[in-house]
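Engineer: Next comes target.cif, mmCIF, C-alpha atoms and all ligand atoms:
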```cif
data_run
loop_
_atom_site.label_atom_id
_atom_site.label_comp_id
_atom_site.auth_asym_id
_atom_site.auth_seq_id
_atom_site.Cartn_x
_atom_site.Cartn_y
_atom_site.Cartn_z
CA MET I 1 31.47 12.54 -51.22
CA VAL I 2 34.17 11.34 -48.84
CA MET I 3 37.21 9.62 -50.25
CA SER I 4 38.87 6.85 -48.27
CA LYS I 5 42.64 6.72 -48.02
CA LEU I 6 45.10 3.91 -48.40
CA ALA I 7 47.72 3.74 -45.63
CA PRO I 8 50.69 1.51 -46.48
CA SER I 9 51.96 -0.55 -43.54
CA ILE I 10 55.74 -0.74 -43.30
CA LEU I 11 55.48 -4.14 -41.63
CA SER I 12 55.91 -5.64 -45.10
CA ALA I 13 58.59 -3.17 -46.22
CA ASP I 14 62.28 -4.03 -46.39
CA PHE I 15 63.48 -3.24 -42.85
CA SER I 16 67.04 -2.73 -44.09
CA ASN I 17 65.74 -0.10 -46.56
CA LEU I 18 62.95 1.63 -44.68
CA SER I 19 63.85 5.10 -45.86
CA ARG I 20 63.84 3.99 -49.51
CA ASP I 21 60.53 2.12 -49.22
CA ILE I 22 58.81 4.96 -47.35
CA GLY I 23 60.07 7.37 -50.03
CA LEU I 24 58.51 5.23 -52.76
CA VAL I 25 54.99 5.40 -51.31
CA GLU I 26 55.37 9.04 -50.32
CA ALA I 27 56.35 9.94 -53.89
CA ALA I 28 53.35 7.94 -55.13
CA GLY I 29 50.99 10.17 -53.14
CA ALA I 30 50.54 8.42 -49.79
CA GLU I 31 49.57 10.68 -46.90
CA ILE I 32 49.49 8.21 -44.01
CA LEU I 33 52.11 5.63 -43.06
CA HIS I 34 50.94 2.80 -40.81
CA VAL I 35 53.59 1.69 -38.31
CA ASP I 36 53.03 -1.63 -36.53
CA VAL I 37 54.60 -1.87 -33.10
CA MET I 38 54.65 -5.39 -31.64
CA ASP I 39 56.12 -6.38 -28.29
CA GLY I 40 56.43 -10.17 -28.42
CA HIS I 41 53.94 -10.31 -25.56
CA PHE I 42 50.55 -8.97 -26.61
CA VAL I 43 51.27 -10.54 -29.99
CA PRO I 44 53.78 -13.29 -30.80
CA ASN I 45 56.00 -11.06 -32.91
CA LEU I 46 58.46 -8.25 -32.28
CA THR I 47 58.91 -5.29 -34.60
CA ILE I 48 60.00 -1.74 -34.01
CA GLY I 49 60.28 0.61 -31.05
CA PRO I 50 60.66 4.35 -30.36
CA PRO I 51 64.26 4.72 -31.69
CA VAL I 52 63.23 3.39 -35.09
CA LEU I 53 60.13 5.60 -35.17
CA LYS I 54 62.33 8.58 -34.35
CA SER I 55 64.58 7.78 -37.32
CA ILE I 56 61.54 7.36 -39.59
CA ARG I 57 60.25 10.76 -38.44
CA LYS I 58 63.47 12.34 -39.73
CA VAL I 59 63.08 11.01 -43.27
CA THR I 60 59.37 11.56 -43.97
CA GLY I 61 56.63 14.15 -43.75
CA LEU I 62 53.90 11.48 -43.84
CA THR I 63 51.35 11.24 -41.04
CA LEU I 64 52.78 8.55 -38.77
CA ASP I 65 49.92 6.28 -37.72
CA VAL I 66 51.36 4.18 -34.90
CA HIS I 67 49.49 0.98 -34.06
CA LEU I 68 50.58 -0.29 -30.65
CA MET I 69 50.06 -4.03 -30.39
CA ILE I 70 51.66 -4.06 -26.97
CA SER I 71 50.70 -4.89 -23.40
CA ASN I 72 50.38 -1.98 -20.93
CA PRO I 73 50.32 0.69 -23.65
CA ASP I 74 49.95 3.56 -21.15
CA GLU I 75 53.54 2.90 -20.01
CA MET I 76 54.86 3.55 -23.52
CA VAL I 77 52.63 6.30 -24.91
CA SER I 78 54.98 9.16 -23.99
CA SER I 79 57.93 7.45 -25.75
CA TYR I 80 55.98 7.23 -29.01
CA VAL I 81 54.77 10.81 -28.66
CA GLU I 82 58.37 11.97 -28.25
CA ALA I 83 59.49 9.84 -31.17
CA GLY I 84 57.12 11.73 -33.47
CA ALA I 85 53.82 9.83 -33.77
CA ASP I 86 50.87 11.77 -35.20
CA ILE I 87 48.27 9.14 -34.33
CA ILE I 88 48.62 6.55 -31.56
CA THR I 89 46.23 3.61 -31.49
CA VAL I 90 46.10 1.21 -28.56
CA GLN I 91 44.46 -2.18 -28.47
CA TYR I 92 41.22 -2.33 -26.48
CA GLU I 93 42.21 -5.78 -25.19
CA ALA I 94 45.52 -4.50 -23.76
CA SER I 95 44.09 -1.49 -21.94
CA CYS I 96 42.55 -1.43 -18.49
CA HIS I 97 42.36 2.36 -18.13
CA LEU I 98 41.39 3.20 -21.67
CA HIS I 99 39.73 6.53 -20.95
CA ARG I 100 42.88 7.72 -19.20
CA THR I 101 45.16 6.41 -21.94
CA LEU I 102 43.17 8.17 -24.69
CA SER I 103 43.11 11.40 -22.69
CA GLU I 104 46.89 11.19 -22.18
CA ILE I 105 47.49 10.73 -25.91
CA ARG I 106 45.25 13.71 -26.78
CA LYS I 107 46.79 15.89 -24.08
CA ASN I 108 50.04 15.63 -26.03
CA GLY I 109 48.42 16.94 -29.20
CA VAL I 110 48.42 13.50 -30.82
CA LYS I 111 45.31 11.84 -32.24
CA ALA I 112 44.05 8.89 -30.20
CA GLY I 113 42.73 5.62 -31.60
CA VAL I 114 41.43 2.32 -30.23
CA ALA I 115 41.80 -0.99 -32.07
CA ILE I 116 39.52 -3.96 -31.54
CA ASN I 117 40.50 -7.52 -32.31
CA PRO I 118 38.23 -9.75 -34.41
CA HIS I 119 36.68 -11.28 -31.26
CA SER I 120 35.78 -7.95 -29.63
CA PRO I 121 32.34 -6.52 -30.38
CA VAL I 122 32.01 -2.86 -31.40
CA HIS I 123 29.62 -2.05 -28.54
CA LEU I 124 32.55 -2.32 -26.09
CA LEU I 125 33.59 1.11 -27.37
CA GLU I 126 30.27 2.84 -26.62
CA GLU I 127 31.56 4.78 -23.62
CA VAL I 128 34.90 5.80 -25.10
CA ALA I 129 33.71 6.67 -28.62
CA PRO I 130 33.51 10.42 -27.87
CA TYR I 131 37.20 10.33 -26.86
CA CYS I 132 38.38 8.49 -29.98
CA ASP I 133 39.80 10.21 -33.02
CA MET I 134 39.87 6.81 -34.66
CA ILE I 135 38.44 3.31 -34.26
CA LEU I 136 40.58 0.61 -35.84
CA VAL I 137 38.71 -2.53 -36.78
CA MET I 138 41.22 -5.38 -36.97
CA SER I 139 40.22 -7.62 -39.86
CA VAL I 140 42.87 -10.25 -39.00
CA ASN I 141 44.25 -11.40 -35.67
CA PRO I 142 47.17 -9.04 -35.05
CA GLY I 143 50.76 -10.20 -35.17
CA PHE I 144 51.61 -10.86 -38.80
CA GLY I 145 51.22 -9.47 -42.27
CA GLY I 146 49.85 -11.46 -45.19
CA GLN I 147 46.82 -13.05 -43.48
CA ALA I 148 43.35 -13.41 -45.04
CA PHE I 149 40.65 -10.78 -44.42
CA ILE I 150 38.00 -12.03 -41.97
CA ALA I 151 34.70 -11.51 -43.79
CA SER I 152 32.62 -10.77 -40.67
CA SER I 153 34.68 -7.60 -40.23
CA LEU I 154 32.46 -5.88 -42.82
CA GLU I 155 29.50 -5.90 -40.42
CA LYS I 156 31.73 -4.55 -37.65
CA ILE I 157 32.90 -1.68 -39.85
CA LYS I 158 29.27 -0.67 -40.43
CA LYS I 159 28.56 -0.81 -36.69
CA ALA I 160 31.69 1.17 -35.85
CA ARG I 161 30.67 3.79 -38.43
CA GLN I 162 27.23 4.11 -36.80
CA LEU I 163 28.80 4.37 -33.36
CA LEU I 164 31.18 7.17 -34.36
CA ASP I 165 28.49 9.01 -36.30
CA SER I 166 26.08 8.88 -33.37
CA SER I 167 28.76 9.97 -30.89
CA ARG I 168 29.51 12.96 -33.17
CA SER I 169 33.20 12.60 -32.36
CA GLY I 170 34.20 13.29 -35.95
CA GLY I 171 36.49 10.27 -35.65
CA LEU I 172 37.71 8.05 -38.46
CA ILE I 173 37.27 4.34 -39.07
CA GLU I 174 40.43 2.47 -39.98
CA VAL I 175 40.55 -1.16 -41.10
CA ASP I 176 43.70 -3.26 -40.91
CA GLY I 177 44.55 -6.73 -42.18
CA GLY I 178 44.12 -8.71 -45.38
CA ILE I 179 43.19 -5.73 -47.56
CA ASN I 180 44.08 -5.96 -51.23
CA ILE I 181 43.01 -4.66 -54.63
CA ASN I 182 40.18 -7.20 -54.84
CA ASN I 183 38.40 -6.43 -51.57
CA ILE I 184 39.31 -2.80 -50.90
CA ALA I 185 36.22 -1.34 -52.59
CA GLU I 186 33.87 -3.41 -50.45
CA VAL I 187 35.77 -2.52 -47.25
CA ALA I 188 35.70 1.19 -48.05
CA GLY I 189 32.03 0.96 -49.03
CA ALA I 190 31.22 -0.44 -45.58
CA GLY I 191 32.40 2.87 -44.09
CA ALA I 192 36.19 2.75 -43.72
CA ASP I 193 38.06 6.06 -44.00
CA VAL I 194 41.58 4.65 -43.76
CA LEU I 195 42.52 1.29 -45.24
CA VAL I 196 45.80 -0.26 -44.20
CA ALA I 197 47.65 -2.51 -46.61
CA GLY I 198 51.04 -4.08 -45.94
CA SER I 199 51.78 -7.08 -48.14
CA ALA I 200 49.51 -5.85 -50.96
CA VAL I 201 51.72 -2.76 -51.35
CA PHE I 202 55.22 -3.71 -50.20
CA GLY I 203 54.99 -7.32 -51.38
CA CYS I 204 55.13 -6.04 -54.96
CA ASP I 205 58.18 -5.26 -57.06
CA ASP I 206 57.13 -1.64 -57.39
CA PRO I 207 55.38 -0.47 -54.17
CA GLY I 208 54.87 3.05 -55.54
CA GLU I 209 53.02 1.85 -58.65
CA GLU I 210 51.02 -0.64 -56.58
CA PHE I 211 50.04 2.11 -54.15
CA LYS I 212 48.68 4.13 -57.09
CA ARG I 213 46.89 1.13 -58.60
CA ILE I 214 45.10 0.22 -55.34
CA SER I 215 44.33 3.89 -54.55
CA SER I 216 42.71 4.33 -57.95
CA VAL I 217 40.13 1.69 -56.96
CA LEU I 218 39.26 3.80 -53.92
CA GLU I 219 38.52 6.77 -56.17
CA GLN I 220 35.59 4.82 -57.65
CA VAL I 221 33.97 4.05 -54.29
CA GLU I 222 30.86 6.10 -53.54
CA ARG I 223 30.44 6.93 -49.87
C1 LIG K 301 48.80 -7.02 -38.44
C2 LIG K 301 49.15 -5.56 -38.59
C3 LIG K 301 48.85 -5.02 -39.94
C4 LIG K 301 49.65 -5.62 -41.08
C5 LIG K 301 48.70 -5.83 -42.20
O1 LIG K 301 48.98 -7.40 -37.13
O2 LIG K 301 48.47 -4.76 -37.64
O3 LIG K 301 48.98 -3.58 -39.97
O4 LIG K 301 50.72 -4.82 -41.53
O5 LIG K 301 49.33 -6.57 -43.16
P1 LIG K 301 48.56 -7.13 -44.43
O6 LIG K 301 48.06 -5.93 -45.18
O7 LIG K 301 49.62 -7.87 -45.16
O8 LIG K 301 47.43 -7.98 -43.94
ZN ZN K 302 48.46 -2.47 -37.93
#
```
Would it be possible to restate this file's structure as structure tokens?
Ligand code: DX5
Ligand code: ZN
Structural biologist:
Amino acid sequence: MVMSKLAPSILSADFSNLSRDIGLVEAAGAEILHVDVMDGHFVPNLTIGPPVLKSIRKVTGLTLDVHLMISNPDEMVSSYVEAGADIITVQYEASCHLHRTLSEIRKNGVKAGVAINPHSPVHLLEEVAPYCDMILVMSVNPGFGGQAFIASSLEKIKKARQLLDSSRSGGLIEVDGGININNIAEVAGAGADVLVAGSAVFGCDDPGEEFKRISSVLEQVER
């Protein structure tokens, strides 16, 4: 049996207390920290860049899962590698030389992922699937935390799972957006290995306890 993992997204953490908030989920047993990078261009919001990631790297041993919601990601990959990313995911819609971008990420010893927006069908990833360590199915339109899960994403997760399994890449499926304690079992059951949750974890008074509570639901999911 495979167990899915919950990856807290620091987008909903307290940006003036990142170290404290990261420490809370790390102490609660988190292994992966999802870091949302937004450029005010690909998405209408602006978050953190390489200097902040570098500072985060110094205070945590968690796997840093960096989700680049930025235009021209290939221009920035090396900066996020140097800043300490363990996984770098680029948006399919922002990449025109995706095969090259994924190869560049992997060449640096970092895992490479591709995210698809709700409007992009899974079959667009057919050719690059063997070069992906992760496919990220966006279950909201990227840009903001706290949005509602788009139900049709469940079908896409199943398709992405089939694609990765048939490409034998050994890659993971990640799902991001609108995940909470009520829908997480269904999302994991559809074939997600990594489930991102921002507001559901950091929107609570005690993010560490909430991390444990949501994770315990994942332990019940048969996959
Ligand atoms: C949305 C980001 C998500 C965000 C999810 O653009 O990519 O990672 O943090 O937030 P919630 O879990 O609140 O939907
Ligand atoms: Zn994200």
Engineer: At a cut-off of 7 Å, using only C-alpha atoms, what residues contact stretch 208-222 of chain I? Leave out same-chain residues fewer than 4 positions from it and give the result as number ranges by chain.
Structural biologist: I: 1, 3-4, 6, 24-25, 28, 181, 185, 189, 201, 204
Engineer: Just write the chosen residues, C-alpha atoms, as a PDB file, keeping the file's coordinate frame.
Structural biologist:
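As written to disk, selection_33.pdb reads:
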```pdb
ATOM      1  CA  MET I   1      31.470  12.540 -51.220  1.00  0.00           C
ATOM      2  CA  MET I   3      37.210   9.620 -50.250  1.00  0.00           C
ATOM      3  CA  SER I   4      38.870   6.850 -48.270  1.00  0.00           C
ATOM      4  CA  LEU I   6      45.100   3.910 -48.400  1.00  0.00           C
ATOM      5  CA  LEU I  24      58.510   5.230 -52.760  1.00  0.00           C
ATOM      6  CA  VAL I  25      54.990   5.400 -51.310  1.00  0.00           C
ATOM      7  CA  ALA I  28      53.350   7.940 -55.130  1.00  0.00           C
ATOM      8  CA  ILE I 181      43.010  -4.660 -54.630  1.00  0.00           C
ATOM      9  CA  ALA I 185      36.220  -1.340 -52.590  1.00  0.00           C
ATOM     10  CA  GLY I 189      32.030   0.960 -49.030  1.00  0.00           C
ATOM     11  CA  VAL I 201      51.720  -2.760 -51.350  1.00  0.00           C
ATOM     12  CA  CYS I 204      55.130  -6.040 -54.960  1.00  0.00           C
TER      13      CYS I 204
END
```
Engineer: Take atom CA of I:Ile70 and atom CA of I:Val52 and report the distance between them in Å, one decimal.
Structural biologist: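 Atom-to-atom, atom CA of I:Ile70 and atom CA of I:Val52 are spaced 16.0 Å apart.
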Engineer: Using all atoms listed in the file, which protein or nucleic acid residues are at most 8 Å from ligand ZN 302 (chain K), as a list in words?
Structural biologist: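 What falls inside 8 Å of ligand ZN 302 (chain K) is Ser9, His34, Val35, Asp36, Val37, Val66, His67, Leu68, Met69, Met138, Pro142, Asp176, Gly177 and Val196 of chain I.
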Engineer: Could you check which of I:Pro130, I:Ala190, I:Leu136, I:Ala148 is closest to I:Ser169, using all atoms listed in the file?
Structural biologist: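 Of all the options, I:Pro130 lies closest to I:Ser169.
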Engineer: Applying 7 Å and only C-alpha atoms, which residues near I:Glu31 remain after dropping the ones on its own chain fewer than 3 positions away? List them as a list in words.
Structural biologist: Glu26, Leu62 and Thr63 of chain I
Engineer: For a test of reading the model, state the distance in Å between atom CA of I:Gly29 and atom CA of I:Val114, rounded to one decimal.
Structural biologist: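 These atoms are spaced 26.0 Å apart.
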